[in-house]
$ cat entry22.pdb   # PDB, C-alpha atoms
ATOM      1  CA  SER A 663     132.346  84.167  68.824
ATOM      2  CA  ILE A 664     128.810  84.279  70.260
ATOM      3  CA  LEU A 665     127.983  80.656  69.459
ATOM      4  CA  ASN A 666     130.663  78.151  68.538
ATOM      5  CA  PHE A 667     128.919  75.585  66.332
ATOM      6  CA  THR A 668     130.169  72.013  66.537
ATOM      7  CA  ALA A 669     127.551  70.551  64.197
ATOM      8  CA  GLY A 670     124.394  71.544  62.340
ATOM      9  CA  GLU A 671     122.869  74.973  61.794
ATOM     10  CA  VAL A 672     120.532  77.609  63.212
ATOM     11  CA  PRO A 673     116.841  76.564  63.338
ATOM     12  CA  ARG A 674     115.165  77.530  60.064
ATOM     13  CA  GLU A 675     111.919  75.581  60.322
ATOM     14  CA  ASP A 676     109.268  75.777  63.037
ATOM     15  CA  THR A 677     110.056  72.199  64.042
ATOM     16  CA  ASP A 678     113.822  72.783  64.546
ATOM     17  CA  ILE A 679     115.697  73.330  67.796
ATOM     18  CA  MET A 680     119.375  74.085  68.407
ATOM     19  CA  ILE A 681     120.774  72.990  71.789
ATOM     20  CA  SER A 682     123.967  73.471  73.774
ATOM     21  CA  GLU A 683     126.688  70.828  73.711
ATOM     22  CA  SER A 684     126.308  70.102  77.428
ATOM     23  CA  PHE A 685     122.531  69.718  77.022
ATOM     24  CA  ALA A 686     123.082  67.294  74.114
ATOM     25  CA  GLU A 687     125.449  65.225  76.281
ATOM     26  CA  VAL A 688     122.910  65.035  79.119
ATOM     27  CA  LEU A 689     120.129  63.981  76.739
ATOM     28  CA  GLU A 690     122.517  61.730  74.755
ATOM     29  CA  VAL A 691     121.296  63.147  71.424
ATOM     30  CA  ASN A 692     122.872  64.370  68.202
ATOM     31  CA  VAL A 693     121.937  66.460  65.156
ATOM     32  CA  GLY A 694     118.916  64.940  63.405
ATOM     33  CA  ASP A 695     117.428  63.333  66.535
ATOM     34  CA  THR A 696     113.891  64.245  67.610
ATOM     35  CA  LEU A 697     112.951  65.669  71.003
ATOM     36  CA  VAL A 698     109.576  66.014  72.658
ATOM     37  CA  LEU A 699     109.214  69.501  74.112
ATOM     38  CA  LEU A 700     106.844  69.991  77.035
ATOM     39  CA  ALA A 701     106.284  73.582  78.111
ATOM     40  CA  ASN A 702     103.874  75.396  80.353
ATOM     41  CA  ASN A 703     102.511  78.243  78.317
ATOM     42  CA  ARG A 704     101.576  81.649  79.666
ATOM     43  CA  ASP A 705      97.973  80.622  80.324
ATOM     44  CA  GLY A 706      99.023  77.651  82.484
ATOM     45  CA  TYR A 707      98.323  74.958  79.906
ATOM     46  CA  LEU A 708     100.859  72.264  79.060
ATOM     47  CA  ARG A 709     101.952  72.408  75.435
ATOM     48  CA  ASP A 710     103.891  69.677  73.654
ATOM     49  CA  ASP A 711     105.654  69.509  70.324
ATOM     50  CA  LEU A 712     108.096  67.313  68.414
ATOM     51  CA  LEU A 713     111.311  69.137  67.484
ATOM     52  CA  VAL A 714     114.257  67.999  65.353
ATOM     53  CA  ILE A 715     117.738  68.969  66.583
ATOM     54  CA  SER A 716     119.136  71.125  63.779
ATOM     55  CA  GLY A 717     122.349  72.157  65.520
ATOM     56  CA  ILE A 718     124.579  71.787  68.558
ATOM     57  CA  PHE A 719     126.713  74.643  69.852
ATOM     58  CA  LYS A 720     129.372  75.107  72.512
ATOM     59  CA  THR A 721     128.922  77.834  75.109
ATOM     60  CA  SER A 722     131.794  79.962  76.382
ATOM     61  CA  GLY A 723     132.221  82.857  78.786
ATOM     62  CA  LEU A 724     129.226  83.572  81.013
ATOM     63  CA  GLY A 725     127.125  81.400  78.697
ATOM     64  CA  GLN A 726     128.660  78.352  80.420
ATOM     65  CA  PHE A 727     126.416  79.053  83.390
ATOM     66  CA  LEU A 728     123.313  78.882  81.165
ATOM     67  CA  ILE A 729     123.688  75.180  80.349
ATOM     68  CA  PRO A 730     120.991  73.264  79.382
ATOM     69  CA  ILE A 731     119.730  75.793  76.862
ATOM     70  CA  GLY A 732     118.277  75.635  73.390
ATOM     71  CA  TYR A 733     117.007  77.956  70.688
ATOM     72  CA  LEU A 734     113.801  77.705  68.676
ATOM     73  CA  ASN A 735     112.432  79.685  65.784
ATOM     74  CA  PHE A 736     111.119  82.911  67.418
ATOM     75  CA  ASP A 737     107.545  82.705  66.074
ATOM     76  CA  HIS A 738     107.233  79.050  67.047
ATOM     77  CA  GLY A 739     108.583  79.756  70.536
ATOM     78  CA  LYS A 740     106.060  82.557  70.890
ATOM     79  CA  THR A 741     103.268  80.157  69.906
ATOM     80  CA  ILE A 742     104.418  77.426  72.311
ATOM     81  CA  THR A 743     104.673  79.806  75.267
ATOM     82  CA  GLY A 744     101.308  81.372  74.421
ATOM     83  CA  LEU A 745     102.533  84.962  74.230
ATOM     84  CA  HIS A 746     100.027  87.556  73.057
ATOM     85  CA  THR A 747     100.768  89.910  70.157
ATOM     86  CA  ASP A 748     101.946  92.692  72.487
ATOM     87  CA  GLU A 749     104.283  90.437  74.508
ATOM     88  CA  PHE A 750     107.853  89.452  73.683
ATOM     89  CA  THR A 751     110.687  87.245  74.840
ATOM     90  CA  GLU A 752     114.272  88.200  75.597
ATOM     91  CA  ILE A 753     117.321  86.915  73.761
ATOM     92  CA  LEU A 754     120.479  87.053  75.867
ATOM     93  CA  ILE A 755     123.760  87.376  73.997
ATOM     94  CA  ASN A 756     127.210  87.495  75.540
ATOM     95  CA  PHE A 757     130.601  87.920  73.922
ATOM     96  CA  GLU A 758     133.528  85.568  74.429
ATOM     97  CA  ASN A 759     135.712  88.413  75.692
ATOM     98  CA  LEU A 760     135.346  92.105  76.434
ATOM     99  CA  GLU A 761     137.858  93.301  73.844
ATOM    100  CA  ASN A 762     136.328  95.617  71.211
ATOM    101  CA  LEU A 763     133.030  95.463  73.087
ATOM    102  CA  ASP A 764     131.634  98.657  71.550
ATOM    103  CA  THR A 765     132.524  97.544  68.009
ATOM    104  CA  ASN A 766     131.045  94.056  68.544
ATOM    105  CA  GLN A 767     127.884  95.501  70.076
ATOM    106  CA  THR A 768     127.452  97.958  67.186
ATOM    107  CA  GLN A 769     127.898  95.169  64.614
ATOM    108  CA  LEU A 770     125.398  92.984  66.454
ATOM    109  CA  GLU A 771     122.836  95.786  66.710
ATOM    110  CA  THR A 772     123.214  96.544  62.985
ATOM    111  CA  ALA A 773     122.710  92.866  62.085
ATOM    112  CA  LEU A 774     119.648  92.557  64.345
ATOM    113  CA  GLN A 775     118.091  95.747  62.980
ATOM    114  CA  GLN A 776     118.441  94.321  59.456
ATOM    115  CA  VAL A 777     116.539  91.207  60.561
ATOM    116  CA  ASP A 778     113.728  93.161  62.225
ATOM    117  CA  SER A 779     113.728  96.922  62.737
ATOM    118  CA  SER A 780     111.122  96.691  65.522
ATOM    119  CA  LEU A 781     113.473  94.797  67.877
ATOM    120  CA  ARG A 782     114.370  96.672  71.058
ATOM    121  CA  ILE A 783     118.036  96.256  71.931
ATOM    122  CA  ALA A 784     119.377  96.918  75.434
ATOM    123  CA  ASN A 785     122.494  95.910  77.326
ATOM    124  CA  TRP A 786     122.677  94.297  80.759
ATOM    125  CA  SER A 787     123.233  97.599  82.555
ATOM    126  CA  GLU A 788     119.764  98.659  81.369
ATOM    127  CA  THR A 789     117.834  95.388  81.714
ATOM    128  CA  SER A 790     119.557  93.751  84.706
ATOM    129  CA  PRO A 791     121.514  96.339  86.669
ATOM    130  CA  LEU A 792     121.995  94.032  89.669
ATOM    131  CA  MET A 793     123.336  91.173  87.523
ATOM    132  CA  ASN A 794     125.563  93.631  85.676
ATOM    133  CA  SER A 795     126.971  94.874  88.998
ATOM    134  CA  VAL A 796     127.663  91.313  90.167
ATOM    135  CA  VAL A 797     129.479  90.468  86.918
ATOM    136  CA  LYS A 798     131.581  93.650  87.102
ATOM    137  CA  LEU A 799     132.474  92.864  90.722
ATOM    138  CA  TRP A 800     133.382  89.309  89.727
ATOM    139  CA  VAL A 801     135.636  90.552  86.908
ATOM    140  CA  ASN A 802     137.319  93.132  89.160
ATOM    141  CA  LEU A 803     137.895  90.536  91.901
ATOM    142  CA  GLY A 804     139.513  88.326  89.267
ATOM    143  CA  HIS A 805     141.934  91.138  88.398
ATOM    144  CA  LEU A 806     142.670  91.687  92.102
ATOM    145  CA  ILE A 807     143.396  87.977  92.635
ATOM    146  CA  LYS A 808     145.742  87.968  89.614
ATOM    147  CA  PHE A 809     147.543  91.037  90.979
ATOM    148  CA  ILE A 810     147.967  89.435  94.441
ATOM    149  CA  PHE A 811     149.243  86.219  92.848
ATOM    150  CA  ILE A 812     151.811  88.136  90.772
ATOM    151  CA  ILE A 813     153.075  90.041  93.843
ATOM    152  CA  PHE A 814     153.235  86.808  95.853
ATOM    153  CA  SER A 815     155.159  85.072  93.052
ATOM    154  CA  PHE A 816     157.530  88.039  92.774
ATOM    155  CA  LEU A 817     158.219  87.903  96.526
ATOM    156  CA  ILE A 818     158.972  84.171  96.318
ATOM    157  CA  VAL A 819     161.434  84.745  93.447
ATOM    158  CA  ILE A 820     163.134  87.572  95.383
ATOM    159  CA  ASN A 821     163.394  85.354  98.488
ATOM    160  CA  ILE A 822     164.919  82.529  96.437
ATOM    161  CA  VAL A 823     167.500  84.907  94.921
ATOM    162  CA  ILE A 824     168.376  86.336  98.363
ATOM    163  CA  MET A 825     168.626  82.834  99.848
ATOM    164  CA  MET A 826     170.930  81.699  97.040
ATOM    165  CA  THR A 827     173.229  84.725  97.401
ATOM    166  CA  ASN A 828     173.359  84.359 101.195
ATOM    167  CA  ASN A 829     174.067  80.656 100.844
ATOM    168  CA  ARG A 830     177.070  81.360  98.579
ATOM    169  CA  LYS A 831     178.522  83.867 101.044
TER     170      LYS A 831
END
$ encode --input "entry22.pdb" --output "structure tokens"
Amino acid sequence: SILNFTAGEVPREDTDIMISESFAEVLEVNVGDTLVLLANNRDGYLRDDLLVISGIFKTSGLGQFLIPIGYLNFDHGKTITGLHTDEFTEILINFENLENLDTNQTQLETALQQVDSSLRIANWSETSPLMNSVVKLWVNLGHLIKFIFIIFSFLIVINIVIMMTNNRK
């Protein structure tokens, strides 16, 4: 449920890129089209490259706020951005829902460790405590709004029932 593919596949070659569905709509491109990537690397130089769109995916959950995004092969992305051997990039992953969060996180960590055992895995509470607090507050406010709406709806139903019984008397 992390990425919902609509077409194509994960980048396998250095010249592949996978982009979000909303980004593909803005650029008016499809799988197999070629993009020119311009990026400022770490040293302040402009780097360009031709990339073939290997896949398009749909974002859901908090990922909807990260539209226009794309994914490159990690080593190629490191080369384009000019990262040194001791520097790394972050990969942000969110789940579609919070059910079975511990199980999903454990499965994801196991899969990532099989890919590369040197990867450092951390959750948002460790890497972005402020963002994590904002998201928790947002979720809790959503529950509060649902609760208020249910009480309000219940009061309306009770008032309708009382009005109907009084009207019959």
$ residues_around --input "entry22.pdb" --residues "Gly744 of chain A" --least-positions-apart "4" --cutoff "9 Å" --atoms "all atoms listed in the file" --output "PyMOL selection string"
chain A and resi 702-705+707+739-740
$ residues_around --input "entry22.pdb" --residues "Arg709 of chain A" --least-positions-apart "6" --cutoff "8 Å" --atoms "all atoms listed in the file" --output "list of chain:residue names"
A:Leu699, A:Leu700, A:Ala701, A:Asn702, A:Asn703, A:Ile742, A:Thr743
$ atom_distance --input "entry22.pdb" --atom1 "atom CA of Glu788 of chain A" --atom2 "atom CA of Ile681 of chain A"
27.4 Å
$ resolve_selection --input "entry22.pdb" --expression "the PyMOL selection byres ((chain A and resi 685-697) around 9)" --output "list in words"
Ala669, Gly670, Ile679, Met680, Ile681, Ser682, Glu683, Ser684, Val698, Leu699, Asp711, Leu712, Leu713, Val714, Ile715, Ser716, Gly717, Ile718, Ile729, Pro730, Ile731 and Gly732 of chain A
$ atom_distance --input "entry22.pdb" --atom1 "atom CA of Thr677 of chain A" --atom2 "atom CA of Leu734 of chain A"
8.1 Å
$ axis_aligned_box --input "entry22.pdb" --around "segment 717-720 of chain A" --padding-each-side "6 Å" --output "lines of an AutoDock Vina configuration file"
center_x = 125.9
center_y = 73.4
center_z = 69.0
size_x = 19.0
size_y = 15.3
size_z = 19.0
$ atom_distance --input "entry22.pdb" --atom1 "atom CA of Phe736 of chain A" --atom2 "atom CA of Pro673 of chain A"
9.5 Å
